[in-house]
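Everything below concerns the one structure shown next.
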Amino acid sequence: MRRFLFSLGMTGLLLIGSGGGALAAELSLNQGAETRTLTLNDVESAGVTHLEMRHPEGFAGRFTGVWLDDFLEAQGLAQARRVRFIAHDGYTTFLTPEQRRQKDYLLVTRLDGEPIAVEDYGPYMLVVPKDVEAVHEGTEPMTRWIWAIAEVSAR
Ligand SMILES: Nc1nc2c(c(=O)[nH]1)N[C@H]1C(S)=C(S)[C@@H](COP(=O)(O)O)O[C@H]1N2
Ligand SMILES: [Mo]
């Protein structure tokens, strides 16, 4: 698997320094004044899907993940007007309810059964399985295929 380097802040360095275990798979879930820290188990508790896929960034295999709407529903956030994703490298995107209706987004939790390290685009990444071909052909953008997700913020 191709690796890439983030310009990591102190938090990222500590996450990698911890050995990429449970700590690195944490997801901050923020709504208003409330922030909760979810573990991999918490995220996957909405029910996982498995599919063979090739990610446009150059890695392939059996992806495990939770459909974004199922995840939001399980967290009581199905009605969120804006769901923002913030990555360990500072990249950020958001989805509106309309965008979530147009496409099924998969919040990836594992590749080939294993949690994904931050330096391998983990611990969480968003993909649109139906768009894989189109993204490869260059007819669909992948600006919302955010990887290395650290935080989900809903309002
Ligand atoms: N975490 C993270 N996800 C990201 C990005 C990024 O810089 N960081 N770039 C986005 C953009 S703008 C695009 S087009 C695709 C591909 O990015 P790349 O061309 O830099 O590989 O990934 C998206 N996901
Ligand atoms: Mo982009």
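Simple scheme: letters A, B, ... for chains in structure tokens order, numbers from 1 for residues in each chain, numbers from 1 for ligands in the order shown.
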
Shell of 9 Å around ligand 2 (only C-alpha atoms and all ligand atoms), written as an NGL selection string: :A and (141-144)

Would you mind exporting the chosen residues as a short mmCIF file (atom, residue, chain, number, x, y, z; two decimals), in the first residue's frame, restricted to N, CA, C and O atoms?
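Saved as out-v6.cif:
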data_model
loop_
_atom_site.label_atom_id
_atom_site.label_comp_id
_atom_site.auth_asym_id
_atom_site.auth_seq_id
_atom_site.Cartn_x
_atom_site.Cartn_y
_atom_site.Cartn_z
N PRO A 141 -15.63 14.00 -9.87
CA PRO A 141 -14.57 14.46 -8.97
C PRO A 141 -14.57 13.61 -7.70
O PRO A 141 -15.56 12.97 -7.38
N MET A 142 -13.44 13.59 -7.01
CA MET A 142 -13.41 12.86 -5.74
C MET A 142 -13.08 13.80 -4.58
O MET A 142 -12.47 13.42 -3.60
N THR A 143 -13.56 15.04 -4.73
CA THR A 143 -13.27 16.03 -3.69
C THR A 143 -13.89 15.66 -2.35
O THR A 143 -13.42 16.10 -1.32
N ARG A 144 -14.96 14.86 -2.37
CA ARG A 144 -15.59 14.48 -1.10
C ARG A 144 -15.14 13.11 -0.60
O ARG A 144 -15.67 12.60 0.37
#

Please identify every residue of chain A that has at least one atom no farther than 12 Å from an atom of ligand 1, counting only C-alpha atoms and all ligand atoms, and for each give the shortest atom pair and the distance in Å to one decimal, arranged by chain then increasing number, as JSON lines.
{"residue": "A:Arg2", "atom": "CA", "partner": "ligand 1", "partner_atom_place_in_ligand_line": "21 (O)", "distance": 11.8}
{"residue": "A:Arg3", "atom": "CA", "partner": "ligand 1", "partner_atom_place_in_ligand_line": "21 (O)", "distance": 11.8}
{"residue": "A:Phe4", "atom": "CA", "partner": "ligand 1", "partner_atom_place_in_ligand_line": "21 (O)", "distance": 9.9}
{"residue": "A:Leu5", "atom": "CA", "partner": "ligand 1", "partner_atom_place_in_ligand_line": "8 (N)", "distance": 10.6}
{"residue": "A:Phe6", "atom": "CA", "partner": "ligand 1", "partner_atom_place_in_ligand_line": "8 (N)", "distance": 8.7}
{"residue": "A:Ser7", "atom": "CA", "partner": "ligand 1", "partner_atom_place_in_ligand_line": "8 (N)", "distance": 10.6}
{"residue": "A:Leu8", "atom": "CA", "partner": "ligand 1", "partner_atom_place_in_ligand_line": "1 (N)", "distance": 11.5}
{"residue": "A:His55", "atom": "CA", "partner": "ligand 1", "partner_atom_place_in_ligand_line": "16 (C)", "distance": 10.5}
{"residue": "A:Pro56", "atom": "CA", "partner": "ligand 1", "partner_atom_place_in_ligand_line": "16 (C)", "distance": 8.1}
{"residue": "A:Glu57", "atom": "CA", "partner": "ligand 1", "partner_atom_place_in_ligand_line": "21 (O)", "distance": 6.3}
{"residue": "A:Gly58", "atom": "CA", "partner": "ligand 1", "partner_atom_place_in_ligand_line": "21 (O)", "distance": 9.7}
{"residue": "A:Phe85", "atom": "CA", "partner": "ligand 1", "partner_atom_place_in_ligand_line": "1 (N)", "distance": 9.2}
{"residue": "A:Ile86", "atom": "CA", "partner": "ligand 1", "partner_atom_place_in_ligand_line": "1 (N)", "distance": 7.7}
{"residue": "A:Ala87", "atom": "CA", "partner": "ligand 1", "partner_atom_place_in_ligand_line": "1 (N)", "distance": 4.8}
{"residue": "A:His88", "atom": "CA", "partner": "ligand 1", "partner_atom_place_in_ligand_line": "1 (N)", "distance": 6.6}
{"residue": "A:Asp89", "atom": "CA", "partner": "ligand 1", "partner_atom_place_in_ligand_line": "1 (N)", "distance": 5.7}
{"residue": "A:Gly90", "atom": "CA", "partner": "ligand 1", "partner_atom_place_in_ligand_line": "1 (N)", "distance": 7.0}
{"residue": "A:Tyr91", "atom": "CA", "partner": "ligand 1", "partner_atom_place_in_ligand_line": "8 (N)", "distance": 4.7}
{"residue": "A:Thr92", "atom": "CA", "partner": "ligand 1", "partner_atom_place_in_ligand_line": "1 (N)", "distance": 7.3}
{"residue": "A:Thr93", "atom": "CA", "partner": "ligand 1", "partner_atom_place_in_ligand_line": "24 (N)", "distance": 8.5}
{"residue": "A:Phe94", "atom": "CA", "partner": "ligand 1", "partner_atom_place_in_ligand_line": "24 (N)", "distance": 11.6}
{"residue": "A:Val118", "atom": "CA", "partner": "ligand 1", "partner_atom_place_in_ligand_line": "1 (N)", "distance": 9.7}
{"residue": "A:Glu119", "atom": "CA", "partner": "ligand 1", "partner_atom_place_in_ligand_line": "1 (N)", "distance": 10.4}
{"residue": "A:Asp120", "atom": "CA", "partner": "ligand 1", "partner_atom_place_in_ligand_line": "1 (N)", "distance": 10.6}
{"residue": "A:Tyr121", "atom": "CA", "partner": "ligand 1", "partner_atom_place_in_ligand_line": "1 (N)", "distance": 7.2}
{"residue": "A:Gly122", "atom": "CA", "partner": "ligand 1", "partner_atom_place_in_ligand_line": "1 (N)", "distance": 9.0}
{"residue": "A:Pro123", "atom": "CA", "partner": "ligand 1", "partner_atom_place_in_ligand_line": "1 (N)", "distance": 10.6}
{"residue": "A:Tyr124", "atom": "CA", "partner": "ligand 1", "partner_atom_place_in_ligand_line": "1 (N)", "distance": 9.6}
{"residue": "A:Met125", "atom": "CA", "partner": "ligand 1", "partner_atom_place_in_ligand_line": "1 (N)", "distance": 8.0}
{"residue": "A:Leu126", "atom": "CA", "partner": "ligand 1", "partner_atom_place_in_ligand_line": "24 (N)", "distance": 8.6}
{"residue": "A:Val127", "atom": "CA", "partner": "ligand 1", "partner_atom_place_in_ligand_line": "24 (N)", "distance": 9.6}
{"residue": "A:Val135", "atom": "CA", "partner": "ligand 1", "partner_atom_place_in_ligand_line": "14 (S)", "distance": 9.7}
{"residue": "A:His136", "atom": "CA", "partner": "ligand 1", "partner_atom_place_in_ligand_line": "16 (C)", "distance": 11.3}
{"residue": "A:Gly138", "atom": "CA", "partner": "ligand 1", "partner_atom_place_in_ligand_line": "14 (S)", "distance": 10.3}
{"residue": "A:Glu140", "atom": "CA", "partner": "ligand 1", "partner_atom_place_in_ligand_line": "14 (S)", "distance": 9.8}
{"residue": "A:Pro141", "atom": "CA", "partner": "ligand 1", "partner_atom_place_in_ligand_line": "14 (S)", "distance": 6.3}
{"residue": "A:Met142", "atom": "CA", "partner": "ligand 1", "partner_atom_place_in_ligand_line": "14 (S)", "distance": 5.0}
{"residue": "A:Thr143", "atom": "CA", "partner": "ligand 1", "partner_atom_place_in_ligand_line": "13 (C)", "distance": 4.1}
{"residue": "A:Arg144", "atom": "CA", "partner": "ligand 1", "partner_atom_place_in_ligand_line": "23 (C)", "distance": 6.0}
{"residue": "A:Trp145", "atom": "CA", "partner": "ligand 1", "partner_atom_place_in_ligand_line": "24 (N)", "distance": 4.9}
{"residue": "A:Ile146", "atom": "CA", "partner": "ligand 1", "partner_atom_place_in_ligand_line": "3 (N)", "distance": 3.7}
{"residue": "A:Trp147", "atom": "CA", "partner": "ligand 1", "partner_atom_place_in_ligand_line": "1 (N)", "distance": 4.2}
{"residue": "A:Ala148", "atom": "CA", "partner": "ligand 1", "partner_atom_place_in_ligand_line": "1 (N)", "distance": 5.0}
{"residue": "A:Ile149", "atom": "CA", "partner": "ligand 1", "partner_atom_place_in_ligand_line": "1 (N)", "distance": 6.5}
{"residue": "A:Ala150", "atom": "CA", "partner": "ligand 1", "partner_atom_place_in_ligand_line": "1 (N)", "distance": 9.1}
{"residue": "A:Glu151", "atom": "CA", "partner": "ligand 1", "partner_atom_place_in_ligand_line": "1 (N)", "distance": 11.1}

Any chance you could tabulate, as JSON lines, the residues of segment 107-136 of chain A at most 12 Å from segment 34-44 of chain A with each one's nearest atom pair and distance in Å to one decimal, using only C-alpha atoms, in chain and rising number order?
{"residue": "A:Leu107", "atom": "CA", "partner": "A:Val43", "partner_atom": "CA", "distance": 9.0}
{"residue": "A:Val108", "atom": "CA", "partner": "A:Glu44", "partner_atom": "CA", "distance": 9.5}
{"residue": "A:Thr109", "atom": "CA", "partner": "A:Leu40", "partner_atom": "CA", "distance": 7.3}
{"residue": "A:Arg110", "atom": "CA", "partner": "A:Leu40", "partner_atom": "CA", "distance": 9.4}
{"residue": "A:Glu114", "atom": "CA", "partner": "A:Leu40", "partner_atom": "CA", "distance": 10.9}
{"residue": "A:Pro115", "atom": "CA", "partner": "A:Leu40", "partner_atom": "CA", "distance": 8.2}
{"residue": "A:Ile116", "atom": "CA", "partner": "A:Leu40", "partner_atom": "CA", "distance": 10.5}
{"residue": "A:Gly122", "atom": "CA", "partner": "A:Leu40", "partner_atom": "CA", "distance": 11.5}
{"residue": "A:Pro123", "atom": "CA", "partner": "A:Leu40", "partner_atom": "CA", "distance": 8.8}
{"residue": "A:Tyr124", "atom": "CA", "partner": "A:Leu40", "partner_atom": "CA", "distance": 9.3}

Could you give me, as a PDB file with all heavy atoms, in the first residue's frame, each residue of segment 42-87 of chain A that DSSP assigns to strand (DSSP E) when run on this structure's backbone?
ATOM      1  N   THR A  49     -20.762  -3.138   6.252  1.00  0.00           N
ATOM      2  CA  THR A  49     -20.889  -3.662   4.892  1.00  0.00           C
ATOM      3  C   THR A  49     -19.479  -3.964   4.407  1.00  0.00           C
ATOM      4  O   THR A  49     -18.540  -3.268   4.793  1.00  0.00           O
ATOM      5  CB  THR A  49     -21.513  -2.571   3.983  1.00  0.00           C
ATOM      6  OG1 THR A  49     -22.860  -2.355   4.394  1.00  0.00           O
ATOM      7  CG2 THR A  49     -21.506  -2.983   2.517  1.00  0.00           C
ATOM      8  N   HIS A  50     -19.327  -5.014   3.607  1.00  0.00           N
ATOM      9  CA  HIS A  50     -18.016  -5.318   3.039  1.00  0.00           C
ATOM     10  C   HIS A  50     -18.118  -5.253   1.521  1.00  0.00           C
ATOM     11  O   HIS A  50     -19.101  -5.719   0.958  1.00  0.00           O
ATOM     12  CB  HIS A  50     -17.564  -6.731   3.424  1.00  0.00           C
ATOM     13  CG  HIS A  50     -17.647  -7.018   4.888  1.00  0.00           C
ATOM     14  ND1 HIS A  50     -16.683  -6.598   5.784  1.00  0.00           N
ATOM     15  CD2 HIS A  50     -18.585  -7.655   5.620  1.00  0.00           C
ATOM     16  CE1 HIS A  50     -17.031  -6.989   7.003  1.00  0.00           C
ATOM     17  NE2 HIS A  50     -18.178  -7.628   6.934  1.00  0.00           N
ATOM     18  N   LEU A  51     -17.100  -4.690   0.881  1.00  0.00           N
ATOM     19  CA  LEU A  51     -17.083  -4.742  -0.583  1.00  0.00           C
ATOM     20  C   LEU A  51     -15.662  -4.669  -1.119  1.00  0.00           C
ATOM     21  O   LEU A  51     -14.793  -4.034  -0.533  1.00  0.00           O
ATOM     22  CB  LEU A  51     -17.964  -3.646  -1.191  1.00  0.00           C
ATOM     23  CG  LEU A  51     -17.887  -2.222  -0.677  1.00  0.00           C
ATOM     24  CD1 LEU A  51     -16.895  -1.431  -1.505  1.00  0.00           C
ATOM     25  CD2 LEU A  51     -19.259  -1.577  -0.789  1.00  0.00           C
ATOM     26  N   GLU A  52     -15.474  -5.367  -2.250  1.00  0.00           N
ATOM     27  CA  GLU A  52     -14.187  -5.323  -2.940  1.00  0.00           C
ATOM     28  C   GLU A  52     -14.155  -4.033  -3.736  1.00  0.00           C
ATOM     29  O   GLU A  52     -15.106  -3.717  -4.451  1.00  0.00           O
ATOM     30  CB  GLU A  52     -14.050  -6.510  -3.904  1.00  0.00           C
ATOM     31  CG  GLU A  52     -13.799  -7.843  -3.240  1.00  0.00           C
ATOM     32  CD  GLU A  52     -12.428  -7.924  -2.572  1.00  0.00           C
ATOM     33  OE1 GLU A  52     -11.470  -7.291  -3.074  1.00  0.00           O
ATOM     34  OE2 GLU A  52     -12.321  -8.613  -1.540  1.00  0.00           O
ATOM     35  N   MET A  53     -13.073  -3.293  -3.607  1.00  0.00           N
ATOM     36  CA  MET A  53     -13.026  -2.004  -4.272  1.00  0.00           C
ATOM     37  C   MET A  53     -11.588  -1.608  -4.545  1.00  0.00           C
ATOM     38  O   MET A  53     -10.670  -2.069  -3.881  1.00  0.00           O
ATOM     39  CB  MET A  53     -13.667  -0.961  -3.343  1.00  0.00           C
ATOM     40  CG  MET A  53     -14.280   0.214  -4.044  1.00  0.00           C
ATOM     41  SD  MET A  53     -14.805   1.464  -2.828  1.00  0.00           S
ATOM     42  CE  MET A  53     -13.238   2.269  -2.511  1.00  0.00           C
ATOM     43  N   ARG A  54     -11.440  -0.745  -5.544  1.00  0.00           N
ATOM     44  CA  ARG A  54     -10.134  -0.165  -5.804  1.00  0.00           C
ATOM     45  C   ARG A  54     -10.257   1.328  -5.525  1.00  0.00           C
ATOM     46  O   ARG A  54     -11.057   2.009  -6.155  1.00  0.00           O
ATOM     47  CB  ARG A  54      -9.718  -0.393  -7.263  1.00  0.00           C
ATOM     48  CG  ARG A  54      -8.248  -0.189  -7.496  1.00  0.00           C
ATOM     49  CD  ARG A  54      -7.773  -1.055  -8.663  1.00  0.00           C
ATOM     50  NE  ARG A  54      -8.111  -0.489  -9.956  1.00  0.00           N
ATOM     51  CZ  ARG A  54      -7.384   0.470 -10.530  1.00  0.00           C
ATOM     52  NH1 ARG A  54      -6.321   0.962  -9.931  1.00  0.00           N
ATOM     53  NH2 ARG A  54      -7.732   0.938 -11.706  1.00  0.00           N
ATOM     54  N   HIS A  55      -9.497   1.807  -4.574  1.00  0.00           N
ATOM     55  CA  HIS A  55      -9.523   3.234  -4.243  1.00  0.00           C
ATOM     56  C   HIS A  55      -8.663   3.979  -5.255  1.00  0.00           C
ATOM     57  O   HIS A  55      -7.576   3.525  -5.591  1.00  0.00           O
ATOM     58  CB  HIS A  55      -8.989   3.435  -2.815  1.00  0.00           C
ATOM     59  CG  HIS A  55      -9.244   4.802  -2.257  1.00  0.00           C
ATOM     60  ND1 HIS A  55      -8.547   5.912  -2.670  1.00  0.00           N
ATOM     61  CD2 HIS A  55     -10.124   5.244  -1.321  1.00  0.00           C
ATOM     62  CE1 HIS A  55      -8.982   6.976  -2.009  1.00  0.00           C
ATOM     63  NE2 HIS A  55      -9.944   6.598  -1.189  1.00  0.00           N
ATOM     64  N   PHE A  59      -4.937   1.929  -3.798  1.00  0.00           N
ATOM     65  CA  PHE A  59      -4.934   0.701  -3.015  1.00  0.00           C
ATOM     66  C   PHE A  59      -6.278   0.005  -3.169  1.00  0.00           C
ATOM     67  O   PHE A  59      -7.292   0.646  -3.403  1.00  0.00           O
ATOM     68  CB  PHE A  59      -4.559   0.935  -1.544  1.00  0.00           C
ATOM     69  CG  PHE A  59      -5.260   2.074  -0.888  1.00  0.00           C
ATOM     70  CD1 PHE A  59      -6.376   1.855  -0.102  1.00  0.00           C
ATOM     71  CD2 PHE A  59      -4.805   3.373  -1.044  1.00  0.00           C
ATOM     72  CE1 PHE A  59      -7.038   2.917   0.509  1.00  0.00           C
ATOM     73  CE2 PHE A  59      -5.451   4.434  -0.450  1.00  0.00           C
ATOM     74  CZ  PHE A  59      -6.562   4.206   0.325  1.00  0.00           C
ATOM     75  N   ALA A  60      -6.231  -1.303  -3.054  1.00  0.00           N
ATOM     76  CA  ALA A  60      -7.419  -2.101  -3.327  1.00  0.00           C
ATOM     77  C   ALA A  60      -7.537  -3.218  -2.319  1.00  0.00           C
ATOM     78  O   ALA A  60      -6.580  -3.566  -1.647  1.00  0.00           O
ATOM     79  CB  ALA A  60      -7.335  -2.668  -4.741  1.00  0.00           C
ATOM     80  N   GLY A  61      -8.735  -3.782  -2.224  1.00  0.00           N
ATOM     81  CA  GLY A  61      -8.941  -4.904  -1.320  1.00  0.00           C
ATOM     82  C   GLY A  61     -10.373  -4.945  -0.850  1.00  0.00           C
ATOM     83  O   GLY A  61     -11.274  -4.401  -1.483  1.00  0.00           O
ATOM     84  N   ARG A  62     -10.544  -5.593   0.298  1.00  0.00           N
ATOM     85  CA  ARG A  62     -11.872  -5.730   0.876  1.00  0.00           C
ATOM     86  C   ARG A  62     -12.069  -4.589   1.873  1.00  0.00           C
ATOM     87  O   ARG A  62     -11.460  -4.593   2.947  1.00  0.00           O
ATOM     88  CB  ARG A  62     -11.976  -7.090   1.554  1.00  0.00           C
ATOM     89  CG  ARG A  62     -13.367  -7.422   2.084  1.00  0.00           C
ATOM     90  CD  ARG A  62     -13.346  -8.842   2.640  1.00  0.00           C
ATOM     91  NE  ARG A  62     -14.653  -9.343   2.983  1.00  0.00           N
ATOM     92  CZ  ARG A  62     -15.049  -9.563   4.243  1.00  0.00           C
ATOM     93  NH1 ARG A  62     -14.247  -9.295   5.254  1.00  0.00           N
ATOM     94  NH2 ARG A  62     -16.254 -10.053   4.475  1.00  0.00           N
ATOM     95  N   PHE A  63     -12.901  -3.665   1.486  1.00  0.00           N
ATOM     96  CA  PHE A  63     -13.191  -2.521   2.346  1.00  0.00           C
ATOM     97  C   PHE A  63     -14.378  -2.862   3.251  1.00  0.00           C
ATOM     98  O   PHE A  63     -15.372  -3.415   2.793  1.00  0.00           O
ATOM     99  CB  PHE A  63     -13.543  -1.287   1.512  1.00  0.00           C
ATOM    100  CG  PHE A  63     -12.364  -0.635   0.842  1.00  0.00           C
ATOM    101  CD1 PHE A  63     -11.752  -1.233  -0.256  1.00  0.00           C
ATOM    102  CD2 PHE A  63     -11.856   0.567   1.317  1.00  0.00           C
ATOM    103  CE1 PHE A  63     -10.658  -0.633  -0.869  1.00  0.00           C
ATOM    104  CE2 PHE A  63     -10.761   1.167   0.705  1.00  0.00           C
ATOM    105  CZ  PHE A  63     -10.161   0.568  -0.390  1.00  0.00           C
ATOM    106  N   THR A  64     -14.246  -2.523   4.513  1.00  0.00           N
ATOM    107  CA  THR A  64     -15.347  -2.650   5.465  1.00  0.00           C
ATOM    108  C   THR A  64     -15.734  -1.238   5.863  1.00  0.00           C
ATOM    109  O   THR A  64     -14.868  -0.373   6.032  1.00  0.00           O
ATOM    110  CB  THR A  64     -14.891  -3.422   6.723  1.00  0.00           C
ATOM    111  OG1 THR A  64     -14.521  -4.744   6.332  1.00  0.00           O
ATOM    112  CG2 THR A  64     -16.002  -3.501   7.770  1.00  0.00           C
ATOM    113  N   GLY A  65     -17.027  -1.018   5.994  1.00  0.00           N
ATOM    114  CA  GLY A  65     -17.457   0.308   6.406  1.00  0.00           C
ATOM    115  C   GLY A  65     -18.916   0.331   6.800  1.00  0.00           C
ATOM    116  O   GLY A  65     -19.621  -0.677   6.722  1.00  0.00           O
ATOM    117  N   VAL A  66     -19.334   1.498   7.233  1.00  0.00           N
ATOM    118  CA  VAL A  66     -20.705   1.739   7.669  1.00  0.00           C
ATOM    119  C   VAL A  66     -21.292   2.775   6.709  1.00  0.00           C
ATOM    120  O   VAL A  66     -20.636   3.785   6.425  1.00  0.00           O
ATOM    121  CB  VAL A  66     -20.701   2.306   9.112  1.00  0.00           C
ATOM    122  CG1 VAL A  66     -22.103   2.627   9.576  1.00  0.00           C
ATOM    123  CG2 VAL A  66     -20.011   1.348  10.061  1.00  0.00           C
ATOM    124  N   TRP A  67     -22.477   2.524   6.194  1.00  0.00           N
ATOM    125  CA  TRP A  67     -23.112   3.543   5.346  1.00  0.00           C
ATOM    126  C   TRP A  67     -23.307   4.801   6.182  1.00  0.00           C
ATOM    127  O   TRP A  67     -23.778   4.739   7.318  1.00  0.00           O
ATOM    128  CB  TRP A  67     -24.433   3.040   4.766  1.00  0.00           C
ATOM    129  CG  TRP A  67     -24.223   1.920   3.801  1.00  0.00           C
ATOM    130  CD1 TRP A  67     -24.534   0.605   3.976  1.00  0.00           C
ATOM    131  CD2 TRP A  67     -23.616   2.014   2.500  1.00  0.00           C
ATOM    132  NE1 TRP A  67     -24.158  -0.132   2.870  1.00  0.00           N
ATOM    133  CE2 TRP A  67     -23.594   0.704   1.953  1.00  0.00           C
ATOM    134  CE3 TRP A  67     -23.084   3.059   1.750  1.00  0.00           C
ATOM    135  CZ2 TRP A  67     -23.047   0.434   0.690  1.00  0.00           C
ATOM    136  CZ3 TRP A  67     -22.553   2.783   0.484  1.00  0.00           C
ATOM    137  CH2 TRP A  67     -22.543   1.491  -0.033  1.00  0.00           C
ATOM    138  N   VAL A  83     -23.111  18.046   7.612  1.00  0.00           N
ATOM    139  CA  VAL A  83     -22.207  17.102   8.274  1.00  0.00           C
ATOM    140  C   VAL A  83     -20.799  17.393   7.761  1.00  0.00           C
ATOM    141  O   VAL A  83     -20.514  17.224   6.574  1.00  0.00           O
ATOM    142  CB  VAL A  83     -22.587  15.633   7.980  1.00  0.00           C
ATOM    143  CG1 VAL A  83     -21.632  14.684   8.714  1.00  0.00           C
ATOM    144  CG2 VAL A  83     -24.033  15.362   8.406  1.00  0.00           C
ATOM    145  N   ARG A  84     -19.953  17.880   8.647  1.00  0.00           N
ATOM    146  CA  ARG A  84     -18.594  18.246   8.254  1.00  0.00           C
ATOM    147  C   ARG A  84     -17.611  17.166   8.669  1.00  0.00           C
ATOM    148  O   ARG A  84     -17.751  16.563   9.736  1.00  0.00           O
ATOM    149  CB  ARG A  84     -18.196  19.594   8.886  1.00  0.00           C
ATOM    150  CG  ARG A  84     -16.771  20.023   8.537  1.00  0.00           C
ATOM    151  CD  ARG A  84     -16.472  21.447   8.945  1.00  0.00           C
ATOM    152  NE  ARG A  84     -17.242  22.435   8.189  1.00  0.00           N
ATOM    153  CZ  ARG A  84     -16.972  22.794   6.927  1.00  0.00           C
ATOM    154  NH1 ARG A  84     -15.960  22.251   6.272  1.00  0.00           N
ATOM    155  NH2 ARG A  84     -17.717  23.691   6.328  1.00  0.00           N
ATOM    156  N   PHE A  85     -16.620  16.934   7.795  1.00  0.00           N
ATOM    157  CA  PHE A  85     -15.562  15.965   8.067  1.00  0.00           C
ATOM    158  C   PHE A  85     -14.249  16.721   8.132  1.00  0.00           C
ATOM    159  O   PHE A  85     -13.982  17.563   7.279  1.00  0.00           O
ATOM    160  CB  PHE A  85     -15.501  14.911   6.956  1.00  0.00           C
ATOM    161  CG  PHE A  85     -16.801  14.187   6.784  1.00  0.00           C
ATOM    162  CD1 PHE A  85     -17.796  14.704   5.956  1.00  0.00           C
ATOM    163  CD2 PHE A  85     -17.058  13.020   7.481  1.00  0.00           C
ATOM    164  CE1 PHE A  85     -19.014  14.067   5.814  1.00  0.00           C
ATOM    165  CE2 PHE A  85     -18.279  12.374   7.356  1.00  0.00           C
ATOM    166  CZ  PHE A  85     -19.261  12.902   6.521  1.00  0.00           C
ATOM    167  N   ILE A  86     -13.457  16.437   9.142  1.00  0.00           N
ATOM    168  CA  ILE A  86     -12.176  17.119   9.303  1.00  0.00           C
ATOM    169  C   ILE A  86     -11.087  16.050   9.402  1.00  0.00           C
ATOM    170  O   ILE A  86     -11.165  15.140  10.234  1.00  0.00           O
ATOM    171  CB  ILE A  86     -12.185  18.026  10.546  1.00  0.00           C
ATOM    172  CG1 ILE A  86     -13.327  19.054  10.425  1.00  0.00           C
ATOM    173  CG2 ILE A  86     -10.837  18.732  10.712  1.00  0.00           C
ATOM    174  CD1 ILE A  86     -13.859  19.554  11.744  1.00  0.00           C
ATOM    175  N   ALA A  87     -10.090  16.152   8.529  1.00  0.00           N
ATOM    176  CA  ALA A  87      -9.035  15.139   8.460  1.00  0.00           C
ATOM    177  C   ALA A  87      -7.833  15.524   9.317  1.00  0.00           C
ATOM    178  O   ALA A  87      -7.667  16.679   9.708  1.00  0.00           O
ATOM    179  CB  ALA A  87      -8.593  14.939   7.017  1.00  0.00           C
TER     180      ALA A  87
END

Would you kindly return, as number ranges by chain, each protein, DNA or RNA residue with an atom no farther than 10 Å from any atom of Arg155 of chain A, considering only C-alpha atoms and excluding same-chain residues fewer than 6 positions away? A: 30-32, 77, 79-84

Rank nothing, just name the residue among A:Gln75, A:Asp112, A:Asp131, A:Tyr105 nearest to Leu29 of chain A, using only C-alpha atoms.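 Of A:Gln75, A:Asp112, A:Asp131, A:Tyr105, the one nearest Leu29 of chain A, counting only C-alpha atoms, is A:Gln75.
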
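Among the candidates A:Glu133, A:Asp104, A:Ser28, A:Asp70, the residue lying nearest to Val48 of chain A is A:Asp70 (atoms considered: only C-alpha atoms).
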
For the structure I just gave you, how does DSSP split segment 14-142 of chain A - specifically, which residues are helix (DSSP H, G or I)? Reply as a ChimeraX atom specification. /A:14-17,22-25,40-44,68-74,97-102,118-120,129-137
